[in-house]
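What follows is a single structure, written as structure tokens, with notes after it.
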Amino acid sequence: MHPKVLLDACAELVRLTLTFEHPADAVVSRFFRDNRGLGPRERATLAETVYTVLRKKLLFDHMAPSGSGPKERRLAILGFYGPRDFLLGALTDQEKNWLEQCDSVTVDDLMERHRHNLPEWLVQPLKDQLGTGFWPLVESLSNAAPLDLRVNALQDKRADVQKELAKAGIKAVPTPYSPWGLRIDGKPALTKLDVFTRGAIEVQDEGSQLLALLLDAKRGEMVVDFCAGAGGKTLAIGAGMRSTGRLYAFDVSGHRLDALKPRLARSGLSNVHPAAIAHERDDRVKRLAGKIDRVLVDAPCSGLGTLRRNPDLKWRQSPKAVEELVAKQTAILDSAARLLKPGGRLVYATCSILPQENEAIAEAFSAAHPDFELVDAGELLAQLKVEGAQGLCSGGASGSGYLRLWPHIHQTDGFFAAVWTRKG
């Protein structure tokens, strides 16, 4: 494709994404469906350009006014993902001069608000938690996340899958914490490989794998994944149960549960029962009250721990939206807790980095439910032979037995988890 045509397409995709009416991944997918003639390399350039603009929006907004032409074109030039000489083939002399000026800017000399690329309301809560760790977090959020895979322990061993991927020319290294994880650089096409189609691997962030590990569901138990979504953690839990017992995958979105079905078919699991529920107090939930061994509540949240993958979330979320989520999280955790039998384990988790969605929810739950005892997540993971388990409960406001994962410390998405046992 000619550089000018590709840059025009990048500018158009940037324009569509920056309306923030829909999630960026949905906008990109739609654009690719509407432009079927694009090859894999062009798609990669388009997608990565958009994501670079979303990650570095404040910096680019600061530089853009000194250029000419439509703003989305200027942003696309600044974020262009691809060889520089290819890009220069699409630019006017005026644009080349402007880009040269932008390249000569020392970012570290700019004001903070042009450097952190975060909405102002998010800056202070992160500084309060992290102190000097704020800028390392900012740096890590400006990069794309690696690709993590979970090996299906029901069917395969991690070392065997690693060798199989190597034969396909894909270098994978074991994840440092999860016993099931492999990490890949870049974005190779996996879906055509036998290792994928036969269900030996699923794409899943290492932090997400650790949440399933923390639940530690055993063979033959009754288990509920309360907000299952597309079922990444459900599948990990089911494999840990060796496909025995009963594993209910509840979600209010039937559409999301539909996305679980092909994954479930590949996984070889026969103990998973997906069920759409109307709300957290649904009759299906009431019928199971006091009967369940383990419950995972991976609560709907702001998703701000996933900004390396979903950088548009920081521009689409707001303090008001977070307030509404906090009310929802409180209600869901309350309802899910009723499912547990005495001695049962409850895990509350989010992929947020905000204390009000994490520690504050956990502390309020502990205060309101004296029949639940908080368990140290680090100790649980150490018992499960996770190396450096105590280090997974550090960084930020934690330090009271909660799991707290950070992109800049643990190279995972940002995650939180609290674990309780029902007394009796």
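Residues in the structure tokens are numbered from 1 in each chain, the chains being A, B, ... in the order shown, and ligands are numbered from 1 in the order shown.
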Legend entry - strand (DSSP E) call set, DSSP backbone run, region 39-267 of chain A, as a PyMOL selection string: chain A and resi 147-151+172-174+181-184+201-203+222-225+246-251
Inset, instruction - For Val285 (chain A), work out the shell of residues within 10 Å, counting only C-alpha atoms and skipping chain neighbours fewer than 6 positions away, then give it as a list in words. - result: Val224, Phe226, Phe250, Ile277, His279, Ser335, Ala336, Arg338 and Leu339 of chain A
Legend entry - Nearest-residue call for Ala24 (chain A), choices A:Leu264, A:Ala418, A:Leu313, A:Met222, using only C-alpha atoms: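 Answer, going by the shortest atom-to-atom distance: A:Leu313.
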Inset, instruction - Check region 196-407 of chain A with DSSP on the backbone and list each residue it calls alpha helix (DSSP H), as an NGL selection string. - result: :A and (196-197 or 206-215 or 232-240 or 254-267 or 283-287 or 313-316 or 319-337 or 359-368 or 377-383 or 407)
Inset, instruction - Could you give me, as number ranges by chain, the residues within 10 Å of Gln101 (chain A), counting only C-alpha atoms and dropping anything in the same chain fewer than 3 positions from it? - result: A: 63, 66-67, 95-98, 104-105
Legend entry - Shortest interatomic distance to Trp135 (chain A) - which of A:Pro407, A:Ala331, A:Arg158, A:Glu363, counting only C-alpha atoms: A:Pro407
Legend entry - For Tyr177 (chain A), the nearest of the candidates A:Leu384, A:Ala276, A:Leu110, A:Ala145, counting only C-alpha atoms: A:Leu384
Inset, instruction - Give me the residues within 7 Å of Val173 (chain A) as a ChimeraX atom specification, counting only C-alpha atoms and dropping any in the same chain fewer than 3 places off. - result: /A:182-184
Inset, instruction - Write out as a ChimeraX atom specification each polymer residue whose atoms come within 7 Å of Leu392 (chain A), counting only C-alpha atoms; drop sequence neighbours fewer than 6 positions from it. - result: /A:378,403-405
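In this comparison, which uses only C-alpha atoms, the residue of A:His62, A:Lys385, A:His369, A:Arg198 approaching Leu213 (chain A) most closely is A:Lys385.
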Legend entry - Counting only C-alpha atoms, the residue of A:Leu147, A:Leu38, A:Ala299, A:Leu18 that sits nearest Thr412 (chain A):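 Selected residue with least distance to Thr412 (chain A): A:Leu147.
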